[in-house]
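> Dropping the structure in here first, questions after.
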Amino acid sequence: MMRFIHRLASPKYFYDVAGRIVPWAGWGALILILVGAYWGLVEAPADYQQGDSFRIIYVHVPAAWMSLFIYVVMAAAGAIGLVWRIKLAEIIAIASAPIGASFTFLALVTGSLWGKPMWGTWWVWDARLTSELILLFLYLGVMALYGAVEDKRMASRAAAILAIVGVVNIPIIHYSVEWWNTLHQGPTVTKLDKPSIAPEMLWPLLIMAVGFQLYYVATVLMRARVELLERERNSRWVQELVQPR
Amino acid sequence: MTPTRKKRLILIAAMLVGVGIATALAVTAFNDNLMFYFSPSEVAQGKAPADHPFRVGGLVTTGSVQRQPDGLTVQFSLTDNQSTIPVQYTGILPDLFREGQGIIAKGRLNDSGVFVADEVLAKHDENYMPPEVADSLKTARQGMGDQR
């Protein structure tokens, strides 16, 4: 196991393995998202109170889950990069940031679109919405900090520290609806009790969530490969790669 | 693990703990301000501010909704099953507004104890089900003599 991790940390080996994973994850994501979207948008029954408007859950909730998940991955990879100075961990961390920011933005926008007809407002400054907005700013801050420093290894370290500090926001986002009175409803699926959603509505949601995960895997590996080539452009294996014998 | 790596790891852990404690303290200090709304019992206890607008959240009491002839003004009462507060609102209500539904009203109390709202938001709960399931749940409850 350790040997496999050590091999994976070598840039050339990672480049090859990631290149082989990308199509699988990409096609898997496409199929699952199509199935989940059809099932969720067409097959699943309408909600007893919200009617068809509830169907935005199939984009909103997986996107919000991903926004939290990717942040934790980014901070963990950043921490590994800081402690062990593994180049690949730094690359995974910074490759995750724009993807996580996009999911956060998507969650905010879909929530807002749903909020207008259901709540009666596009936006309120309650604890859940505000902490999710802070998450978006954290992602943007990490990206900006990384871009502002010329030396990419130093930039990675600075960005990683910011990412780790921001981790405190993750439990706040998750528990905000339980700790405080908020306009946003409490958790439906991610709690210890039985999910308070009918199974025929839950299944497409879970399929969409797995699809979004695979989409992240595919895109983060694609971004990481590009970043890797750029950073290693002077190394022998990249030279050999671009100049076929 | 080499000593330098160990030191860095400890440093990062210490940083996380430090930031965590600082945030926890700040969040507890602002706890009251982070509450989006007051419950009717909190209003009854006088916890709500008298001098500026605030929000009240609760369930619309069943049978309390009265519409005025002008078609826009609505009177209803909000309850948390302990205290009840009368609310008056002029404007368009959100789709989810109905009796028994959780809502949040923003406004202030007038002299006669009526909460005059200038904004009413519907609070959705975390339950999702098809209409048939909701109907059968309702019939089952009524069968057991539960009035909810």
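All residue names refer to the structure tokens as shown: chains lettered A, B, ... in order, residues numbered from 1 in each chain, ligands numbered from 1 in order.
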Would you kindly report the residues of chain B within 10 Å of chain A, using only C-alpha atoms, as a PyMOL selection string?
chain B and resi 1-2+4-13+15-24+27+31-39+57+92-97+102-104+119-135
> Fewer than 3 positions away in the same chain doesn't count, so skip those; otherwise give me all residues within 10 Å of B:Ala44, counting only C-alpha atoms, as JSON, numbers by chain.
{"B": [39, 40, 41, 47, 48, 82, 83, 84, 85, 113]}
> The selected residues should be written to file as a PDB file, in the first residue's frame (atoms: C-alpha atoms).

ATOM      1  CA  SER B  39     -40.234  32.520  18.437  1.00  0.00           C
ATOM      2  CA  PRO B  40     -43.637  33.758  19.672  1.00  0.00           C
ATOM      3  CA  SER B  41     -42.759  32.696  23.247  1.00  0.00           C
ATOM      4  CA  LYS B  47     -36.819  39.225  24.464  1.00  0.00           C
ATOM      5  CA  ALA B  48     -37.523  40.856  21.113  1.00  0.00           C
ATOM      6  CA  GLN B  82     -46.786  27.744  23.664  1.00  0.00           C
ATOM      7  CA  SER B  83     -47.474  31.365  22.825  1.00  0.00           C
ATOM      8  CA  THR B  84     -49.465  32.924  20.038  1.00  0.00           C
ATOM      9  CA  ILE B  85     -48.952  36.308  18.452  1.00  0.00           C
ATOM     10  CA  GLY B 113     -49.697  43.925  20.696  1.00  0.00           C
TER      11      GLY B 113
END
> Excluding stretch 22-31 of chain A and its own-chain neighbours fewer than 3 positions away, which residues fall within 7 Å of it when counting only C-alpha atoms? Please give them as an MDAnalysis selection string.
chainID A and resid 18:19 34:35 211:212 214:215 217:218 221:222
> Name the closest residue to A:Val109 among the candidates A:Tyr146, A:Trp123, A:Ser10, A:Val220; distances are taken between atoms, counting only C-alpha atoms.
A:Trp123
> So which one's closest to B:Pro86, B:Val114, B:Leu72, B:Ala50, B:Val43? Using only C-alpha atoms, please.
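Of B:Val114, B:Leu72, B:Ala50, B:Val43, the one nearest B:Pro86 is B:Val114, counting only C-alpha atoms.
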